[in-house]
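Okay, my_file.csv now, which holds CSV, C-alpha atoms and all ligand atoms:
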```
chain,number,residue,atom,x,y,z
A,1,MET,CA,0.0,0.0,0.0
A,2,SER,CA,1.4,3.4,-0.9
A,3,LYS,CA,1.4,5.9,1.8
A,4,LYS,CA,0.1,9.3,0.6
A,5,LYS,CA,1.6,12.3,2.3
A,6,LYS,CA,-1.0,14.2,4.2
A,7,ASN,CA,-1.6,17.7,2.9
A,8,ILE,CA,-2.4,19.9,5.9
A,9,PRO,CA,-3.6,23.4,4.9
A,10,LEU,CA,-2.3,26.4,6.8
A,11,PRO,CA,-4.6,26.9,9.8
A,12,VAL,CA,-6.7,30.1,9.5
A,13,LEU,CA,-6.7,32.4,12.5
A,14,ASP,CA,-9.7,34.6,13.1
A,15,ARG,CA,-8.7,38.0,11.7
A,16,HIS,CA,-9.0,39.7,15.2
A,17,ALA,CA,-6.7,37.2,16.8
A,18,SER,CA,-2.9,37.3,17.0
A,19,LEU,CA,0.0,35.0,17.6
A,20,VAL,CA,3.6,35.8,18.7
A,21,ASP,CA,6.5,33.7,17.6
A,22,SER,CA,8.5,34.1,20.8
A,23,HIS,CA,11.8,32.7,19.4
A,24,CYS,CA,13.2,32.6,15.9
A,25,HIS,CA,16.5,33.5,14.1
A,26,LEU,CA,15.5,35.8,11.2
A,27,ASP,CA,19.2,36.4,10.3
A,28,MET,CA,19.6,32.7,9.7
A,29,ILE,CA,16.6,32.6,7.3
A,30,ASP,CA,18.0,35.3,5.2
A,31,ASP,CA,19.9,38.6,5.5
A,32,GLY,CA,17.8,40.7,3.3
A,33,LEU,CA,14.7,40.8,1.0
A,34,TYR,CA,13.6,37.2,1.6
A,35,ALA,CA,13.3,37.9,5.4
A,36,GLU,CA,11.1,40.8,4.5
A,37,LEU,CA,8.8,38.5,2.5
A,38,VAL,CA,8.8,36.0,5.4
A,39,MET,CA,7.7,38.7,7.8
A,40,ASP,CA,5.0,40.0,5.4
A,41,ARG,CA,3.4,36.6,5.1
A,42,ALA,CA,3.6,36.0,8.9
A,43,LEU,CA,2.0,39.3,9.6
A,44,ALA,CA,-0.7,38.8,7.0
A,45,ALA,CA,-1.7,35.4,8.6
A,46,GLY,CA,-1.9,36.8,12.1
A,47,VAL,CA,1.6,36.2,13.5
A,48,ARG,CA,1.8,39.8,14.5
A,49,ALA,CA,5.1,39.8,16.4
A,50,VAL,CA,8.3,37.8,16.4
A,51,ILE,CA,11.3,37.9,18.6
A,52,THR,CA,14.5,37.3,16.7
A,53,ILE,CA,17.2,35.9,18.9
A,54,GLY,CA,21.0,36.4,19.0
A,55,ILE,CA,23.4,33.4,19.4
A,56,ASP,CA,26.6,35.3,19.3
A,57,LEU,CA,27.7,39.0,18.8
A,58,PRO,CA,27.3,39.2,15.1
A,59,SER,CA,23.8,37.7,15.2
A,60,SER,CA,22.8,39.9,18.2
A,61,ILE,CA,23.8,42.9,16.2
A,62,LYS,CA,21.7,41.6,13.2
A,63,ALA,CA,18.8,40.9,15.5
A,64,VAL,CA,18.7,44.5,16.7
A,65,ALA,CA,19.0,45.7,13.1
A,66,PHE,CA,16.1,43.5,12.0
A,67,ALA,CA,14.0,44.8,14.9
A,68,ARG,CA,14.7,48.4,13.9
A,69,ARG,CA,13.9,47.7,10.3
A,70,TYR,CA,10.7,45.7,10.3
A,71,ALA,CA,7.3,46.2,12.0
A,72,GLY,CA,6.4,43.4,14.4
A,73,VAL,CA,10.0,42.4,15.0
A,74,TYR,CA,11.7,42.6,18.4
A,75,ALA,CA,15.2,41.4,19.4
A,76,ALA,CA,17.0,39.5,22.1
A,77,VAL,CA,20.8,39.6,22.5
A,78,GLY,CA,23.1,37.0,24.0
A,79,ILE,CA,25.7,34.3,23.5
A,80,HIS,CA,24.4,30.7,23.0
A,81,PRO,CA,26.2,27.9,24.9
A,82,HIS,CA,27.7,26.6,21.6
A,83,HIS,CA,29.6,29.9,21.5
A,84,ALA,CA,30.2,30.2,25.2
A,85,ALA,CA,34.0,30.6,24.6
A,86,ASP,CA,33.3,33.9,22.9
A,87,LEU,CA,32.1,35.5,26.1
A,88,THR,CA,35.0,37.8,26.8
A,89,ASP,CA,34.7,41.0,29.0
A,90,ALA,CA,34.6,43.0,25.8
A,91,ALA,CA,31.7,40.8,24.4
A,92,LEU,CA,29.8,41.2,27.7
A,93,ALA,CA,30.2,45.0,27.5
A,94,GLU,CA,29.0,45.0,23.9
A,95,LEU,CA,25.9,42.9,24.8
A,96,ALA,CA,25.1,45.4,27.5
A,97,ARG,CA,25.4,48.3,25.0
A,98,LEU,CA,23.2,46.5,22.4
A,99,ALA,CA,20.6,45.7,25.1
A,100,GLY,CA,20.1,49.4,25.6
A,101,ASP,CA,18.3,49.6,22.3
A,102,GLY,CA,14.5,50.1,22.8
A,103,ARG,CA,13.7,47.2,20.5
A,104,VAL,CA,15.6,44.7,22.7
A,105,VAL,CA,13.0,42.9,24.9
A,106,GLY,CA,15.0,39.9,26.2
A,107,PHE,CA,18.4,38.5,27.0
A,108,GLY,CA,19.3,35.3,25.2
A,109,GLU,CA,19.6,32.8,24.1
A,110,ILE,CA,21.8,31.6,27.0
A,111,GLY,CA,22.0,28.3,28.8
A,112,ILE,CA,23.6,24.9,28.7
A,113,ASP,CA,23.7,22.3,26.0
A,114,THR,CA,25.0,18.9,26.9
A,115,VAL,CA,24.1,17.2,23.6
A,116,LYS,CA,26.4,19.2,21.4
A,117,ASP,CA,29.3,20.1,23.6
A,118,TYR,CA,30.9,22.7,21.3
A,119,ALA,CA,32.2,24.4,24.4
A,120,PRO,CA,33.4,22.6,27.6
A,121,LEU,CA,30.7,22.4,30.3
A,122,ALA,CA,32.7,24.6,32.7
A,123,VAL,CA,32.9,27.3,30.0
A,124,GLN,CA,29.2,27.0,29.3
A,125,GLN,CA,28.3,27.3,33.0
A,126,SER,CA,30.5,30.4,33.5
A,127,ALA,CA,29.1,32.1,30.4
A,128,PHE,CA,25.6,31.3,31.5
A,129,ILE,CA,26.1,32.7,35.0
A,130,ARG,CA,27.8,35.9,33.8
A,131,GLN,CA,25.0,36.6,31.3
A,132,LEU,CA,22.3,35.7,33.9
A,133,GLN,CA,23.8,38.4,36.1
A,134,LEU,CA,24.0,40.9,33.4
A,135,ALA,CA,20.3,40.3,32.4
A,136,LYS,CA,19.3,40.7,35.9
A,137,ARG,CA,21.2,44.0,36.2
A,138,LEU,CA,19.5,45.2,32.9
A,139,ASN,CA,16.1,44.0,34.2
A,140,LEU,CA,15.5,41.9,31.0
A,141,PRO,CA,13.7,38.6,30.8
A,142,VAL,CA,16.1,35.7,30.1
A,143,ILE,CA,15.6,33.3,27.2
A,144,ILE,CA,17.0,29.9,28.2
A,145,HIS,CA,18.4,27.3,25.9
A,146,ASN,CA,18.2,24.0,27.8
A,147,ARG,CA,19.3,20.9,26.0
A,148,GLU,CA,19.5,17.8,28.3
A,149,ALA,CA,20.5,20.1,31.2
A,150,HIS,CA,17.2,20.5,33.0
A,151,GLU,CA,18.6,19.8,36.5
A,152,GLN,CA,21.7,22.0,36.1
A,153,ILE,CA,19.8,24.9,34.7
A,154,TYR,CA,17.1,24.6,37.3
A,155,GLU,CA,19.7,24.7,40.1
A,156,LEU,CA,21.5,27.7,38.6
A,157,LEU,CA,18.3,29.6,38.1
A,158,LYS,CA,17.2,28.8,41.6
A,159,SER,CA,20.5,29.8,43.2
A,160,HIS,CA,20.8,33.0,41.2
A,161,GLY,CA,17.1,34.0,41.5
A,162,PRO,CA,14.7,35.5,42.1
A,163,TRP,CA,13.9,36.7,38.6
A,164,PRO,CA,11.6,39.7,38.8
A,165,ALA,CA,11.8,40.3,35.0
A,166,GLY,CA,11.0,36.6,34.4
A,167,GLY,CA,12.1,34.4,31.6
A,168,VAL,CA,11.3,31.5,29.3
A,169,ILE,CA,12.6,28.0,28.8
A,170,HIS,CA,12.6,28.0,25.0
A,171,CYS,CA,12.1,25.0,22.8
A,172,PHE,CA,10.9,23.0,25.8
A,173,SER,CA,11.6,19.3,25.7
A,174,GLY,CA,10.9,18.0,29.2
A,175,ASP,CA,7.9,16.5,30.9
A,176,GLY,CA,5.1,18.1,32.8
A,177,ALA,CA,6.9,17.7,36.2
A,178,THR,CA,10.0,19.5,34.9
A,179,ALA,CA,7.9,22.3,33.4
A,180,GLU,CA,6.2,22.7,36.8
A,181,LYS,CA,9.6,23.3,38.5
A,182,PHE,CA,10.5,26.1,36.1
A,183,ILE,CA,7.0,27.6,36.4
A,184,GLU,CA,7.5,27.7,40.2
A,185,LEU,CA,10.6,29.9,39.6
A,186,GLY,CA,8.3,32.3,37.6
A,187,PHE,CA,9.3,31.1,34.1
A,188,TYR,CA,7.2,30.6,31.0
A,189,ILE,CA,7.5,27.5,28.9
A,190,SER,CA,7.8,27.9,25.1
A,191,ILE,CA,6.6,25.1,22.8
A,192,PRO,CA,8.3,24.5,19.5
A,193,GLY,CA,7.0,22.9,16.3
A,194,VAL,CA,8.3,19.6,17.6
A,195,VAL,CA,4.9,19.3,19.3
A,196,THR,CA,3.3,18.5,15.9
A,197,PHE,CA,5.5,15.3,15.5
A,198,ALA,CA,3.5,12.2,16.1
A,199,ASN,CA,6.2,10.6,18.3
A,200,ALA,CA,6.6,13.7,20.6
A,201,LEU,CA,4.5,11.9,23.3
A,202,LEU,CA,6.4,13.4,26.3
A,203,LEU,CA,5.9,16.9,24.9
A,204,HIS,CA,2.2,16.2,24.3
A,205,GLU,CA,1.8,15.1,27.9
A,206,ALA,CA,3.7,18.3,29.1
A,207,VAL,CA,1.5,20.6,27.0
A,208,ARG,CA,-1.7,19.0,28.5
A,209,ALA,CA,-0.2,19.6,32.0
A,210,ILE,CA,1.1,23.1,31.6
A,211,PRO,CA,-1.4,25.9,32.4
A,212,LEU,CA,-2.3,28.0,29.4
A,213,ASN,CA,-1.2,31.1,31.3
A,214,ARG,CA,2.4,29.9,31.4
A,215,LEU,CA,2.7,28.9,27.7
A,216,LEU,CA,4.4,30.6,24.8
A,217,VAL,CA,4.7,29.4,21.2
A,218,GLU,CA,7.8,29.6,19.0
A,219,THR,CA,9.3,28.3,15.7
A,220,ASP,CA,13.0,28.5,16.4
A,221,ALA,CA,13.1,29.1,12.7
A,222,PRO,CA,14.9,28.2,10.4
A,223,PHE,CA,15.2,25.0,12.5
A,224,LEU,CA,12.6,22.4,13.6
A,225,ALA,CA,9.8,23.1,11.1
A,226,PRO,CA,6.5,21.6,12.2
A,227,VAL,CA,4.5,19.0,10.3
A,228,PRO,CA,3.7,19.2,7.4
A,229,PHE,CA,7.1,21.0,6.7
A,230,ARG,CA,9.2,18.8,8.9
A,231,GLY,CA,12.8,18.8,7.6
A,232,LYS,CA,12.3,22.0,5.6
A,233,THR,CA,13.2,25.6,6.4
A,234,ASN,CA,11.0,26.9,9.2
A,235,GLU,CA,9.6,30.4,9.3
A,236,PRO,CA,7.5,32.5,11.8
A,237,LEU,CA,4.3,31.8,9.8
A,238,TYR,CA,4.4,28.2,10.9
A,239,THR,CA,3.7,29.2,14.5
A,240,LEU,CA,0.1,28.6,13.4
A,241,TYR,CA,0.7,24.8,13.2
A,242,THR,CA,2.2,24.7,16.7
A,243,ALA,CA,-0.7,26.7,18.2
A,244,LEU,CA,-3.2,24.5,16.4
A,245,LYS,CA,-1.6,21.4,17.8
A,246,ILE,CA,-1.7,22.9,21.4
A,247,ALA,CA,-5.4,23.7,20.9
A,248,GLU,CA,-6.0,20.1,19.9
A,249,LEU,CA,-4.1,18.7,22.9
A,250,LYS,CA,-5.9,21.0,25.3
A,251,ASN,CA,-9.2,20.6,23.6
A,252,ILE,CA,-9.7,24.3,23.2
A,253,THR,CA,-9.9,26.6,20.1
A,254,LEU,CA,-7.0,28.0,18.1
A,255,GLU,CA,-8.2,31.5,19.1
A,256,GLU,CA,-8.1,30.7,22.8
A,257,VAL,CA,-4.5,29.5,22.4
A,258,ALA,CA,-3.7,32.6,20.4
A,259,ALA,CA,-5.3,35.0,22.9
A,260,GLN,CA,-3.6,33.6,26.0
A,261,THR,CA,-0.1,33.0,24.5
A,262,THR,CA,-0.1,36.4,23.0
A,263,ALA,CA,-1.1,37.9,26.4
A,264,ASN,CA,1.7,35.9,28.0
A,265,ALA,CA,4.3,37.2,25.5
A,266,GLN,CA,3.1,40.8,26.0
A,267,LYS,CA,3.4,40.5,29.7
A,268,LEU,CA,6.8,38.8,29.7
A,269,PHE,CA,8.5,40.9,27.0
A,270,GLY,CA,6.5,44.2,27.4
A,271,ILE,CA,5.7,44.2,23.6
A,272,SER,CA,2.6,45.6,22.0
A,273,VAL,CA,0.9,43.3,19.5
B,1,ZN,ZN,18.1,27.2,21.6
B,2,ZN,ZN,17.2,29.5,19.0
```
Using structure tokens, write down the structure that the file contains.
Amino acid sequence: MSKKKKNIPLPVLDRHASLVDSHCHLDMIDDGLYAELVMDRALAAGVRAVITIGIDLPSSIKAVAFARRYAGVYAAVGIHPHHAADLTDAALAELARLAGDGRVVGFGEIGIDTVKDYAPLAVQQSAFIRQLQLAKRLNLPVIIHNREAHEQIYELLKSHGPWPAGGVIHCFSGDGATAEKFIELGFYISIPGVVTFANALLLHEAVRAIPLNRLLVETDAPFLAPVPFRGKTNEPLYTLYTALKIAELKNITLEEVAAQTTANAQKLFGISV
């Protein structure tokens, strides 16, 4: 029997509703005109704000430039654990300077990644702690990259807390109990397109367990495209598929997911949508 690929049409959001892609990398999609097209079609379909995230100094500079150039785009600056070795004193000072731009609404992405150890763990931990301290001083919410490091990150956030400006565990991949621990520290949990994968059973269970008022949605574009674009280039527009899957898992409407996750993003990042 030949298996026919399912054709899933783009979910249609009520024209009064909005979604926020809380985490993407516009500069990795494209440096110029194509990114503008990507933003146009996201905005037209109701994804009315995106936060484009820095992973090192050059991409943080680009994130701020994108946010200044395009309506609906906000920026976060920071050094990803893969690039933790880049966090010199000068880099930290430059991040602080960039964060002063009015379009910068978060600090990140920062964290620990034990899957791809591009930087030694001790270097990742030190870069994470120094950036957490800077974010706290700047009163910016922190955007946490957490790959197979739930326990370590939890302990560091706990010992360096409290976090009055809040934060988000982006691209969440844990279970409901793990999410609950981060929520107790005041964090939001951001769900990526992975939730649309049939085998993402742990994430399905987590989404059912996490209260809607602690959830955000994201693409992490150009990575991790949801079904039906799995394996292709992701873009902010596809936040719609992730939100629809959350609606299905929680047995509520797409518009309810949109309204609450957008309110959450507005509250955390202080953005207007
Ligand atoms: Zn990440
Ligand atoms: Zn990312």
Any residue with an atom at most 12 Å from ligand ZN 1 (chain B) counts, using only C-alpha atoms and all ligand atoms. Which are they? Put them as an MDAnalysis selection string. chainID A and resid 22:25 52:56 78:83 108:113 115:116 143:148 168:173 190:192 218:224
Would you export the selected residues with C-alpha atoms as a tab-separated table (two decimals), in the coordinates of the input, please?
```
chain	number	residue	atom	x	y	z
A	22	SER	CA	8.50	34.10	20.80
A	23	HIS	CA	11.80	32.70	19.40
A	24	CYS	CA	13.20	32.60	15.90
A	25	HIS	CA	16.50	33.50	14.10
A	52	THR	CA	14.50	37.30	16.70
A	53	ILE	CA	17.20	35.90	18.90
A	54	GLY	CA	21.00	36.40	19.00
A	55	ILE	CA	23.40	33.40	19.40
A	56	ASP	CA	26.60	35.30	19.30
A	78	GLY	CA	23.10	37.00	24.00
A	79	ILE	CA	25.70	34.30	23.50
A	80	HIS	CA	24.40	30.70	23.00
A	81	PRO	CA	26.20	27.90	24.90
A	82	HIS	CA	27.70	26.60	21.60
A	83	HIS	CA	29.60	29.90	21.50
A	108	GLY	CA	19.30	35.30	25.20
A	109	GLU	CA	19.60	32.80	24.10
A	110	ILE	CA	21.80	31.60	27.00
A	111	GLY	CA	22.00	28.30	28.80
A	112	ILE	CA	23.60	24.90	28.70
A	113	ASP	CA	23.70	22.30	26.00
A	115	VAL	CA	24.10	17.20	23.60
A	116	LYS	CA	26.40	19.20	21.40
A	143	ILE	CA	15.60	33.30	27.20
A	144	ILE	CA	17.00	29.90	28.20
A	145	HIS	CA	18.40	27.30	25.90
A	146	ASN	CA	18.20	24.00	27.80
A	147	ARG	CA	19.30	20.90	26.00
A	148	GLU	CA	19.50	17.80	28.30
A	168	VAL	CA	11.30	31.50	29.30
A	169	ILE	CA	12.60	28.00	28.80
A	170	HIS	CA	12.60	28.00	25.00
A	171	CYS	CA	12.10	25.00	22.80
A	172	PHE	CA	10.90	23.00	25.80
A	173	SER	CA	11.60	19.30	25.70
A	190	SER	CA	7.80	27.90	25.10
A	191	ILE	CA	6.60	25.10	22.80
A	192	PRO	CA	8.30	24.50	19.50
A	218	GLU	CA	7.80	29.60	19.00
A	219	THR	CA	9.30	28.30	15.70
A	220	ASP	CA	13.00	28.50	16.40
A	221	ALA	CA	13.10	29.10	12.70
A	222	PRO	CA	14.90	28.20	10.40
A	223	PHE	CA	15.20	25.00	12.50
A	224	LEU	CA	12.60	22.40	13.60
```
Work out how far apart CA of Leu203 (chain A) and CA of Asp175 (chain A) are and give it in Å to one decimal. 6.3 Å
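Reported to one decimal place, the separation of CA of Thr261 (chain A) from CA of Leu216 (chain A) is 5.1 Å.
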Please compute the CA of Arg68 (chain A)-CA of Ala45 (chain A) distance, one decimal, in Å. 21.6 Å
Counting only C-alpha atoms, the option among A:Ala93, A:Val105, A:Leu157, A:Ala209 closest to Asn139 (chain A): A:Val105
